[in-house]
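Engineer: Below you'll find model.cif; it's mmCIF, C-alpha atoms and all ligand atoms.
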data_upload
loop_
_atom_site.label_atom_id
_atom_site.label_comp_id
_atom_site.auth_asym_id
_atom_site.auth_seq_id
_atom_site.Cartn_x
_atom_site.Cartn_y
_atom_site.Cartn_z
CA MET A 10 -62.10 -6.53 -13.22
CA THR A 11 -62.85 -9.91 -11.58
CA GLN A 12 -62.18 -10.86 -8.01
CA LYS A 13 -59.33 -13.13 -9.28
CA ASP A 14 -57.68 -10.21 -11.12
CA ASN A 15 -57.88 -8.17 -7.95
CA ASN A 16 -56.30 -10.96 -5.94
CA ASP A 17 -53.56 -11.42 -8.56
CA GLN A 18 -52.83 -7.73 -8.60
CA ASP A 19 -52.81 -7.58 -4.83
CA GLY A 20 -50.56 -10.61 -4.77
CA LYS A 21 -48.16 -9.07 -7.27
CA GLY A 22 -48.21 -5.77 -5.44
CA ARG A 23 -47.48 -7.51 -2.18
CA ARG A 24 -44.63 -9.45 -3.76
CA ASN A 25 -43.15 -6.27 -5.21
CA PHE A 26 -43.40 -4.66 -1.83
CA LEU A 27 -41.68 -7.61 -0.22
CA TYR A 28 -38.87 -7.53 -2.80
CA LEU A 29 -38.48 -3.82 -2.30
CA THR A 30 -38.37 -4.15 1.46
CA ALA A 31 -35.89 -6.99 1.27
CA GLY A 32 -33.82 -4.93 -1.15
CA MET A 33 -33.85 -1.95 1.16
CA PHE A 34 -32.79 -4.01 4.16
CA GLY A 35 -30.21 -5.74 2.02
CA GLY A 36 -28.85 -2.34 1.07
CA VAL A 37 -28.76 -1.17 4.67
CA GLY A 38 -26.99 -4.40 5.66
CA VAL A 39 -24.32 -3.92 3.01
CA ALA A 40 -23.83 -0.28 3.92
CA SER A 41 -23.43 -0.98 7.63
CA ALA A 42 -21.20 -4.00 7.01
CA ALA A 43 -19.03 -1.97 4.66
CA TRP A 44 -18.55 0.90 7.10
CA PRO A 45 -15.98 -0.69 9.45
CA PHE A 46 -13.85 -1.67 6.45
CA ILE A 47 -14.09 1.75 4.90
CA SER A 48 -13.27 3.50 8.18
CA SER A 49 -10.36 1.12 8.81
CA MET A 50 -8.98 1.96 5.36
CA THR A 51 -8.55 5.64 6.17
CA PRO A 52 -4.86 6.09 5.38
CA GLY A 53 -3.29 7.12 8.67
CA ALA A 54 0.45 7.43 9.12
CA ASP A 55 0.67 3.91 10.59
CA ALA A 56 -1.13 2.39 7.63
CA ARG A 57 1.12 4.24 5.20
CA ALA A 58 4.22 3.00 7.03
CA LEU A 59 2.94 -0.58 6.83
CA ALA A 60 2.11 -0.17 3.17
CA THR A 61 5.77 0.14 2.24
CA THR A 62 8.84 -1.85 3.21
CA GLU A 63 12.36 -0.52 2.84
CA VAL A 64 15.06 -3.05 2.11
CA ASN A 65 18.76 -2.52 2.60
CA LEU A 66 20.43 -4.25 -0.34
CA ALA A 67 24.01 -3.64 0.78
CA PRO A 68 24.56 -6.99 2.54
CA VAL A 69 23.11 -9.09 -0.29
CA GLU A 70 25.85 -10.81 -2.29
CA VAL A 71 25.61 -11.78 -5.95
CA GLY A 72 23.68 -15.06 -6.14
CA GLN A 73 22.01 -14.54 -2.75
CA SER A 74 18.32 -14.10 -2.01
CA ILE A 75 16.58 -12.54 0.94
CA THR A 76 12.93 -12.62 1.97
CA VAL A 77 11.22 -9.58 3.44
CA MET A 78 7.61 -9.07 4.48
CA TRP A 79 5.44 -6.54 2.73
CA ARG A 80 1.76 -6.15 3.63
CA GLY A 81 1.85 -9.56 5.28
CA LYS A 82 3.27 -11.26 2.20
CA PRO A 83 6.76 -12.67 1.64
CA VAL A 84 8.71 -10.78 -0.99
CA PHE A 85 11.71 -12.42 -2.62
CA VAL A 86 14.67 -10.21 -3.44
CA ARG A 87 17.32 -12.00 -5.47
CA ARG A 88 20.60 -10.53 -6.58
CA ARG A 89 21.01 -12.44 -9.80
CA THR A 90 24.23 -13.79 -11.22
CA GLN A 91 25.22 -13.03 -14.81
CA LYS A 92 24.22 -16.58 -15.71
CA GLU A 93 20.75 -16.13 -14.19
CA ILE A 94 20.26 -12.83 -15.99
CA GLN A 95 21.35 -14.35 -19.27
CA GLU A 96 19.03 -17.35 -18.84
CA ALA A 97 16.11 -15.01 -18.12
CA GLU A 98 16.85 -12.79 -21.14
CA GLU A 99 17.36 -15.60 -23.64
CA VAL A 100 13.91 -17.15 -23.25
CA ASP A 101 11.62 -17.02 -26.28
CA VAL A 102 8.79 -14.98 -24.74
CA SER A 103 6.18 -16.38 -27.16
CA SER A 104 6.82 -19.86 -25.75
CA LEU A 105 5.75 -18.81 -22.25
CA ARG A 106 2.43 -19.59 -20.60
CA ASP A 107 2.26 -16.05 -19.23
CA PRO A 108 4.35 -14.20 -21.84
CA GLN A 109 6.45 -11.46 -20.33
CA SER A 110 9.98 -10.43 -21.15
CA ASP A 111 12.54 -10.28 -18.38
CA GLU A 112 12.99 -6.60 -19.18
CA ASP A 113 9.35 -5.94 -18.30
CA ARG A 114 9.79 -7.57 -14.91
CA ILE A 115 12.85 -5.77 -13.59
CA GLN A 116 14.20 -2.26 -13.14
CA ARG A 117 17.84 -3.26 -12.76
CA PRO A 118 18.90 -6.62 -14.22
CA GLU A 119 20.83 -7.64 -11.13
CA TRP A 120 17.81 -7.28 -8.83
CA LEU A 121 14.73 -9.44 -9.18
CA ILE A 122 11.91 -8.59 -6.78
CA LEU A 123 8.85 -10.82 -6.55
CA VAL A 124 5.89 -11.59 -4.32
CA GLY A 125 6.82 -15.07 -3.08
CA ILE A 126 3.40 -16.66 -3.41
CA CYS A 127 2.73 -19.39 -5.95
CA THR A 128 0.04 -18.32 -8.41
CA HIS A 129 -1.53 -21.77 -8.32
CA LEU A 130 -2.96 -22.08 -4.82
CA GLY A 131 -0.82 -19.75 -2.79
CA CYS A 132 2.04 -21.82 -1.31
CA VAL A 133 5.41 -20.17 -0.79
CA PRO A 134 7.82 -21.66 -3.34
CA GLY A 135 11.29 -22.80 -2.35
CA GLY A 136 14.45 -21.40 -3.88
CA GLN A 137 15.46 -18.71 -1.44
CA LYS A 138 17.96 -20.81 0.51
CA PRO A 139 21.02 -22.30 -1.17
CA THR A 140 19.85 -25.75 -0.03
CA ASP A 141 16.37 -25.35 -1.56
CA GLN A 142 15.31 -27.05 -4.77
CA ARG A 143 15.07 -24.41 -7.46
CA GLY A 144 13.24 -26.49 -10.04
CA ASP A 145 14.12 -27.22 -13.66
CA TYR A 146 14.63 -23.56 -14.56
CA ASP A 147 16.93 -22.49 -11.75
CA GLY A 148 14.44 -20.09 -10.17
CA TRP A 149 11.89 -21.32 -7.64
CA PHE A 150 10.06 -24.57 -7.16
CA CYS A 151 6.68 -24.91 -5.50
CA PRO A 152 6.51 -28.37 -3.96
CA CYS A 153 2.75 -28.19 -3.27
CA HIS A 154 1.85 -29.33 -6.79
CA GLY A 155 5.13 -28.97 -8.67
CA SER A 156 5.30 -25.54 -10.29
CA HIS A 157 8.68 -24.48 -11.68
CA TYR A 158 9.56 -20.80 -12.04
CA ASP A 159 12.56 -19.46 -13.93
CA THR A 160 15.19 -16.87 -13.03
CA SER A 161 12.72 -14.13 -13.87
CA GLY A 162 10.00 -15.72 -11.69
CA ARG A 163 8.01 -16.79 -14.74
CA ILE A 164 5.99 -19.98 -14.69
CA ARG A 165 7.62 -22.61 -16.89
CA LYS A 166 6.20 -25.95 -15.82
CA GLY A 167 3.47 -27.27 -13.51
CA PRO A 168 -0.07 -26.07 -12.77
CA ALA A 169 0.48 -22.42 -11.82
CA PRO A 170 -1.25 -20.19 -14.39
CA LYS A 171 0.75 -17.00 -13.93
CA ASN A 172 4.21 -15.66 -13.28
CA LEU A 173 5.17 -14.69 -9.75
CA VAL A 174 3.88 -11.16 -9.23
CA VAL A 175 6.27 -8.22 -9.36
CA PRO A 176 5.24 -5.79 -6.59
CA PRO A 177 5.46 -2.03 -7.05
CA TYR A 178 8.87 -0.82 -5.90
CA GLU A 179 11.43 1.92 -6.43
CA PHE A 180 15.15 2.30 -5.89
CA VAL A 181 15.70 5.06 -3.36
CA SER A 182 19.45 4.65 -3.88
CA ASP A 183 21.80 1.95 -5.19
CA THR A 184 21.49 0.08 -1.92
CA LEU A 185 17.98 0.90 -0.77
CA VAL A 186 14.75 -0.19 -2.35
CA LYS A 187 11.26 0.74 -1.23
CA ILE A 188 8.59 -1.85 -1.86
CA GLY A 189 4.98 -0.68 -2.07
S1 LIG B 1 0.36 -23.95 -4.85
FE1 LIG B 1 2.21 -23.99 -5.96
S2 LIG B 1 1.95 -25.58 -7.34
FE2 LIG B 1 0.07 -25.54 -6.31
#
How does this structure look as structure tokens?
Structural biologist:
Amino acid sequence: MTQKDNNDQDGKGRRNFLYLTAGMFGGVGVASAAWPFISSMTPGADARALATTEVNLAPVEVGQSITVMWRGKPVFVRRRTQKEIQEAEEVDVSSLRDPQSDEDRIQRPEWLILVGICTHLGCVPGGQKPTDQRGDYDGWFCPCHGSHYDTSGRIRKGPAPKNLVVPPYEFVSDTLVKIG
């Protein structure tokens, strides 16, 4: 073995050692950085309470919408009219950008429950107030870049790639829904 080979081998060995050391410290860094998040995710009673939102549906009239907060996000609850339900059901699903039937997005036709965050870049679309623009499909309109959602919260026109998200929820009774 020549002196050069020795140097090369030493060099390689040193490099490997350096990589290894860096890797080890990297690993320690990740582990210690991850710890506060992991410990803060321990599901205490407070966290569980915040994870769900109960909504009293009794005061919501047909054709009205309300917005509630769930995990820091706005959730749209709309009590749909017969016309809105019919419009949502009659759509040819195969023509949709994000094909989903209305049936797959609701539990009870009258109640549509959606996370009110545009799937383009995260604005909150208008359409909750009677004075808001609802877009070309009578649902919600995001004025940030012009996304139109229909009466099932599906994207119909504009840059948003996906339908408005349906959060997990369950009906506790006819007038009480638990989101989350
Ligand atoms: S954020 Fe809604 S259209 Fe861009």
Engineer: Taking 6 positions as the minimum chain separation for residues in the same chain, which residues sit within 12 Å of segment 164-168 of chain A when counting all atoms listed in the file? Answer as an MDAnalysis selection string.
Structural biologist: chainID A and resid 97 100:102 104:109 127:131 134 144:158 174
Engineer: Set up a box along x, y and z of the file covering all listed atoms of segment 78-86 of chain A, add 6 Å on every one of the six sides, and write the centre and edge lengths in Å to one decimal, as JSON.
Structural biologist:
{"center_x": 8.2, "center_y": -9.4, "center_z": 0.9, "size_x": 24.9, "size_y": 18.5, "size_z": 20.7}
Engineer: One decimal, in Å: what's the spacing between atom CA of Ser110 of chain A and atom CA of Glu98 of chain A?
Structural biologist: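 If I compute the distance from atom CA of Ser110 of chain A to atom CA of Glu98 of chain A, I get 7.3 Å.
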Engineer: Let me make sure I understand: among A:Thr184, A:Asn65, A:Ser161, A:Ser74, which one has the smallest atom-to-atom distance to Asp113 of chain A if we use all atoms listed in the file?
Structural biologist: A:Ser161
Engineer: In terms of the shortest atom-to-atom distance over only C-alpha atoms and all ligand atoms, which of A:Val181, A:Val69, A:Cys132, A:Ile75 is closest to ligand LIG 1 (chain B)?
Structural biologist: A:Cys132
Engineer: I'd like the interatomic distance between atom CA of Gly81 of chain A and atom CA of Pro176 of chain A, to a tenth of an Å.
Structural biologist: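 Between atom CA of Gly81 of chain A and atom CA of Pro176 of chain A the gap works out to 12.9 Å.
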